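Just below is one structure, and these are the notes that go with it.
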Amino acid sequence: MKTVTDFPRKVIEIEDMGIVMPDGCRLSARVWMPEDAADDPVPAVLEYIPYRKRDGTLPRDELMHPYVAGHGYASVRVDMRGNGDSQGLMSDEYTAQELQDACDVIAWLAAQPWCSGSVGMMGKSWGGFNCLQTAFLQPPALKAVLSVCSTADRFADDIHYKGGCLLGENFGWGAVMLSYSSRPPDPALRADWREDWLKRLENMPYLAPRWAGHQARDDYWRHGSICEDYGRMQVPVLSFGGWADGYMNTVDALVRHVGAKGIVGPWVHQYPHTAVPGPAIGFLQVALRWWDRWLKGIENGAEADPAYRVWMMYSVPPDGSARLRPARWVAEAEWPSPSVRPVTLHLAVEVGLSAPQRALPAQSASPRGYLKTENGGGFSVSLSTPQHLGMQAGEYFPMGLNAEMPGDQAGEDALSLCFDGEAVEAPLELLGAARLRLRLASDRPLGFVVARLCDVAPDGRSVRIAHGMLNLCHRGGAAAPAPMVPGEVVEVDLVLDQMAYRLAPGHRLRLALSTSYWPFVWPSPEVATLTVSGGALALPLRAGEVVGWEPPAPEAAPGWKHRVLRKGRTRRFVEEDLITGTRALVVEDDLGDVENLTHGLCTGETMSERWEIRPDDPLSAHAVHRWEQRLSRGDWAVRTEAWARMTATASHLIHEARLTAWEGDQQVFERHWREEVARHFV
């Protein structure tokens, strides 16, 4: 990535600009702007998140915000209420208070003498969510947004539920936020830091059980979901996603429903100028083109850019730590594209001996499944997979190169019901979402089915192209789920994630079905056996002329000045207990300790996760997370430790947590949580 130090306008920085809300709560902003902005006012670009501008996101902030400011903007990074150096308390994600604060910040920025009156909003993940949600509220000064790795539907496409299935990340993110929000303001900026910190700790919510309690798409999830009324999105939207991220579906939805411009690369859950797998792109130059058009009114043609630009992934061997994904850019002028047409493949089964990679457990005669262009009639085959299937699924939103992306699926395929297509003779391009219709019955009222679409190489290695899942209680819709009637045959529809994929000659497509997906999905209370008796897979086949795109190369401002005090270490592995049969996915991530050479704050973070289960017992599912946060400067030091555990009975999901805080060597706080959430549909 090219480092840029010479900008059109000289930049000044204000490390702690106070923005006072109508109720008197002071939010802390770090602001970069041209030094002559008071004489020559500029538009403002707001990033508004809870992840601590003083230390948490500082390394990425210093790459981006001075760069934007140097091109004639006030680039504003605000700590949300109750986080970082801002006052107040945070009670949940995307609350009405959070979004009202965003609107008030935008109005405040627009009224400043150094601002031209036009404001844009950008962000990744939480920041990408709330910039869409704020645009939904239509604050007058907001003229455009740029959203990265976000969602338009909080129930269907976030870390809580997917296809109505309760995600393991719901628990995981609850532990993360308990840890992240437990840190105090910086005493260098807040004389009242200790009083504020203790108040935060006393009022800290543990949110995982709250989220787990809303098992239908109710008013809780409809709040903040812009899909409730796309017509309210009146400002231009530029949306970025990554094929290795969990939020790849949003770009399609925004392009399709609000006329957004969409760009999806091979990336994990990071900004596209720093993300892996490569290639990274010049995200900041693309962003400036967007801001120049909509905040400065420069006629640069951004509104005429292709609707949908995607990195068309090529067949390569599976790699959970891939640094690069070979492919090419494909630009679709309109979306949906006339270049894409649906092709239906029917599920067919023949009973007999199968190759080892397709063998099913607990069946005397394993079926061979095929994907055929013609409907070969009905069949009947049982599907019940071991509970540990899924340990090669990867993270919901991988952040880097630590084996967080999906690994070789061949071992998981061996435990699944697989339907294989013929090896293709010419490259096959897929662009869009595959749709699966299944005819099935269940012997239990609660259960789910997971579908993985895989690229199987001639040597048997299997790459997950896309996956999808359906809680069978949600077969009639997410707003009014209902348990299955055991033995009753139903038809269900399952939509897989968006994809852009080019299958190489000699490779074949595989549809792999399972009733378990640990720890990506929390298991059903009982082992369910599905009887599958038919189905069809509709694939989005792309054909025709290829129009490419040449994005600019990555650029950024100079990185932050820091010193490594202690190097970190990351491990990720799977354990098997040969006595009990328990399988465990273990993640240990020590980020070490660093010193900020600009303001002297030393920070460190250590976490561990353990997800264990027995192959034959869904109620053996057991997850434990530990997070430690460390901050110090000179003689001052604080430390917090968050511990969380999730288990379950047949009737309840059991959430436990503990938060402990130390000032120096003295423990100053401890709190415990325990909550049992009734299982209605999960």
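Identifiers in this document derive from the order of the structure tokens: chains are assigned A, B, ..., residues are numbered from 1 separately in each chain, and ligands are numbered from 1 in order of occurrence.
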
Residues within 6 Å of Arg639 in chain A, please, as a PyMOL selection string. Count only C-alpha atoms; anything in the same chain fewer than 5 positions from it doesn't count.
chain A and resi 629-630+661-662

When you look at Leu46 in chain A with a cut-off of 9 Å (counting only C-alpha atoms), what residues show up, excluding the ones that are within fewer than 4 positions of it in the same chain? I need them as a list in words.
Ala74, Ser75, Val76, Arg77, Val78, Val105, Ile106, Leu109, Val119, Gly120, Met121, Met122, Gly123 and Cys131 of chain A

Hey, can you spit out that residue selection with C-alpha atoms as a PDB file, in the first residue's frame?
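New file selection20.pdb:
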```pdb
ATOM      1  CA  ALA A  74     -13.482  17.454   7.917  1.00  0.00           C
ATOM      2  CA  SER A  75     -13.085  13.785   8.803  1.00  0.00           C
ATOM      3  CA  VAL A  76     -14.769  13.147  12.145  1.00  0.00           C
ATOM      4  CA  ARG A  77     -14.418  10.018  14.283  1.00  0.00           C
ATOM      5  CA  VAL A  78     -16.899   9.982  17.211  1.00  0.00           C
ATOM      6  CA  VAL A 105     -24.079  14.957  15.706  1.00  0.00           C
ATOM      7  CA  ILE A 106     -24.808  15.462  12.003  1.00  0.00           C
ATOM      8  CA  LEU A 109     -21.383  19.288  12.343  1.00  0.00           C
ATOM      9  CA  VAL A 119     -22.355  15.797   5.805  1.00  0.00           C
ATOM     10  CA  GLY A 120     -21.585  12.251   4.710  1.00  0.00           C
ATOM     11  CA  MET A 121     -21.515   9.188   6.917  1.00  0.00           C
ATOM     12  CA  MET A 122     -19.308   6.122   6.548  1.00  0.00           C
ATOM     13  CA  GLY A 123     -18.442   3.041   8.527  1.00  0.00           C
ATOM     14  CA  CYS A 131     -24.938   4.962   8.754  1.00  0.00           C
TER      15      CYS A 131
END
```

Between A:Val564, A:Ala156, A:Ala538, A:Leu494, which residue has the minimum interatomic distance to Trp221 in chain A, considering only C-alpha atoms?
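Going through A:Val564, A:Ala156, A:Ala538, A:Leu494 one by one, the smallest distance to Trp221 in chain A is for A:Ala156.
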
Counting only C-alpha atoms, which residues of range 477-505 of chain A fall within 12 Å of range 262-278 of chain A, and what is the closest atom pair for each with its distance in Å at one decimal, ordered by chain and rising number, as CSV?
```
residue,atom,partner,partner_atom,distance
A:Gln498,CA,A:Val264,CA,10.1
A:Met499,CA,A:Val264,CA,9.5
A:Ala500,CA,A:Val264,CA,9.1
A:Tyr501,CA,A:Pro266,CA,10.6
```

List the spatial neighbours of Leu585 in chain A as number ranges by chain - criterion: any atom at most 12 Å away, only C-alpha atoms, same-chain residues fewer than 5 positions off excluded.
A: 388-395, 403-404, 518-520, 571-577, 608-614, 621-625

When DSSP works through the backbone of this structure, what residues of range 135-351 of chain A end up as strand (DSSP E or B), shown as a ChimeraX atom specification?
/A:142-148,161-162,165-167,237-242,261-265,278,308-314,324,327-332,340-351

Near Ser632 in chain A, within 12 Å and counting only C-alpha atoms, which residues show up once chain neighbours fewer than 5 positions away are dropped, as a ChimeraX atom specification?
/A:55,183-188,593-596,599-604,637-639,662-664

Leaving out range 327-330 of chain A and any residue of its chain fewer than 3 positions from it, which residues lie within 6 Å of it when counting only C-alpha atoms, given as a VMD selection string?
chain A and resid 309 to 314 547 to 549

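Considering only C-alpha atoms, the residue among A:Ala144, A:Ala175, A:Val11, A:Val424 positioned nearest to Arg645 in chain A is A:Ala175.
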
DSSP on the backbone: which residues in range 142-329 of chain A end up as helix (DSSP H, G or I)? Give the answer as a ChimeraX atom specification.
/A:168-180,193-202,208-213,219-222,226-232,249-258,283-295,302-304

Grab the CA of Arg341 in chain A to CA of Arg502 in chain A distance for me, in Å with one decimal place.
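Computed distance, CA of Arg341 in chain A to CA of Arg502 in chain A, equals 15.1 Å.
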
May I have the residues within 10 Å of Ser514 in chain A as a PDB file with N, CA and C atoms, in the first residue's frame, using only C-alpha atoms and disregarding those fewer than 5 positions away in the same chain?
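Result file is selection_10.pdb:
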```
ATOM      1  N   LEU A 383     -31.470 -38.126   6.683  1.00  0.00           N
ATOM      2  CA  LEU A 383     -30.382 -37.183   6.902  1.00  0.00           C
ATOM      3  C   LEU A 383     -30.308 -36.848   8.384  1.00  0.00           C
ATOM      4  N   SER A 384     -29.211 -37.236   9.017  1.00  0.00           N
ATOM      5  CA  SER A 384     -28.963 -36.900  10.415  1.00  0.00           C
ATOM      6  C   SER A 384     -27.458 -36.916  10.604  1.00  0.00           C
ATOM      7  N   THR A 385     -26.876 -35.761  10.801  1.00  0.00           N
ATOM      8  CA  THR A 385     -25.418 -35.660  10.803  1.00  0.00           C
ATOM      9  C   THR A 385     -24.885 -35.485  12.220  1.00  0.00           C
ATOM     10  N   PRO A 386     -23.637 -35.909  12.466  1.00  0.00           N
ATOM     11  CA  PRO A 386     -23.061 -35.776  13.812  1.00  0.00           C
ATOM     12  C   PRO A 386     -22.931 -34.316  14.224  1.00  0.00           C
ATOM     13  N   GLN A 387     -23.007 -34.087  15.513  1.00  0.00           N
ATOM     14  CA  GLN A 387     -23.119 -32.724  16.027  1.00  0.00           C
ATOM     15  C   GLN A 387     -21.853 -31.890  15.823  1.00  0.00           C
ATOM     16  N   LEU A 389     -20.076 -31.688  13.137  1.00  0.00           N
ATOM     17  CA  LEU A 389     -19.901 -31.230  11.760  1.00  0.00           C
ATOM     18  C   LEU A 389     -19.963 -29.705  11.722  1.00  0.00           C
ATOM     19  N   GLY A 390     -19.004 -29.075  11.064  1.00  0.00           N
ATOM     20  CA  GLY A 390     -19.010 -27.628  10.928  1.00  0.00           C
ATOM     21  C   GLY A 390     -17.739 -26.951  11.384  1.00  0.00           C
ATOM     22  N   GLU A 412     -16.059 -32.544   6.022  1.00  0.00           N
ATOM     23  CA  GLU A 412     -17.450 -32.252   6.380  1.00  0.00           C
ATOM     24  C   GLU A 412     -18.404 -32.866   5.357  1.00  0.00           C
ATOM     25  N   ASP A 413     -17.981 -32.871   4.081  1.00  0.00           N
ATOM     26  CA  ASP A 413     -18.795 -33.506   3.043  1.00  0.00           C
ATOM     27  C   ASP A 413     -18.992 -34.986   3.348  1.00  0.00           C
ATOM     28  N   LEU A 415     -19.452 -36.373   6.051  1.00  0.00           N
ATOM     29  CA  LEU A 415     -20.466 -36.562   7.086  1.00  0.00           C
ATOM     30  C   LEU A 415     -21.845 -36.088   6.642  1.00  0.00           C
ATOM     31  N   SER A 416     -21.944 -35.573   5.428  1.00  0.00           N
ATOM     32  CA  SER A 416     -23.161 -34.924   4.946  1.00  0.00           C
ATOM     33  C   SER A 416     -23.845 -35.763   3.872  1.00  0.00           C
ATOM     34  N   LEU A 417     -25.047 -35.366   3.532  1.00  0.00           N
ATOM     35  CA  LEU A 417     -25.739 -35.923   2.366  1.00  0.00           C
ATOM     36  C   LEU A 417     -25.351 -35.061   1.171  1.00  0.00           C
ATOM     37  N   CYS A 418     -24.643 -35.647   0.214  1.00  0.00           N
ATOM     38  CA  CYS A 418     -24.074 -34.873  -0.889  1.00  0.00           C
ATOM     39  C   CYS A 418     -24.735 -35.225  -2.216  1.00  0.00           C
ATOM     40  N   PHE A 448     -33.015 -27.928  11.987  1.00  0.00           N
ATOM     41  CA  PHE A 448     -32.630 -27.056  10.880  1.00  0.00           C
ATOM     42  C   PHE A 448     -31.886 -27.868   9.837  1.00  0.00           C
ATOM     43  N   VAL A 449     -31.727 -27.281   8.677  1.00  0.00           N
ATOM     44  CA  VAL A 449     -30.948 -27.889   7.603  1.00  0.00           C
ATOM     45  C   VAL A 449     -29.981 -26.839   7.079  1.00  0.00           C
ATOM     46  N   VAL A 450     -28.747 -27.260   6.839  1.00  0.00           N
ATOM     47  CA  VAL A 450     -27.706 -26.405   6.284  1.00  0.00           C
ATOM     48  C   VAL A 450     -27.343 -26.932   4.899  1.00  0.00           C
ATOM     49  N   ALA A 451     -27.221 -26.020   3.952  1.00  0.00           N
ATOM     50  CA  ALA A 451     -26.825 -26.375   2.590  1.00  0.00           C
ATOM     51  C   ALA A 451     -25.518 -25.664   2.263  1.00  0.00           C
ATOM     52  N   ARG A 452     -24.532 -26.424   1.815  1.00  0.00           N
ATOM     53  CA  ARG A 452     -23.273 -25.855   1.353  1.00  0.00           C
ATOM     54  C   ARG A 452     -23.099 -26.169  -0.132  1.00  0.00           C
ATOM     55  N   MET A 469     -28.831 -21.652   5.354  1.00  0.00           N
ATOM     56  CA  MET A 469     -29.421 -22.513   6.383  1.00  0.00           C
ATOM     57  C   MET A 469     -30.859 -22.088   6.645  1.00  0.00           C
ATOM     58  N   LEU A 530     -34.071 -36.041   9.339  1.00  0.00           N
ATOM     59  CA  LEU A 530     -34.921 -35.587   8.243  1.00  0.00           C
ATOM     60  C   LEU A 530     -35.023 -36.681   7.203  1.00  0.00           C
TER      61      LEU A 530
END
```

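If you look at CA of Cys103 in chain A and CA of Asp158 in chain A, they are 23.2 Å away from each other.
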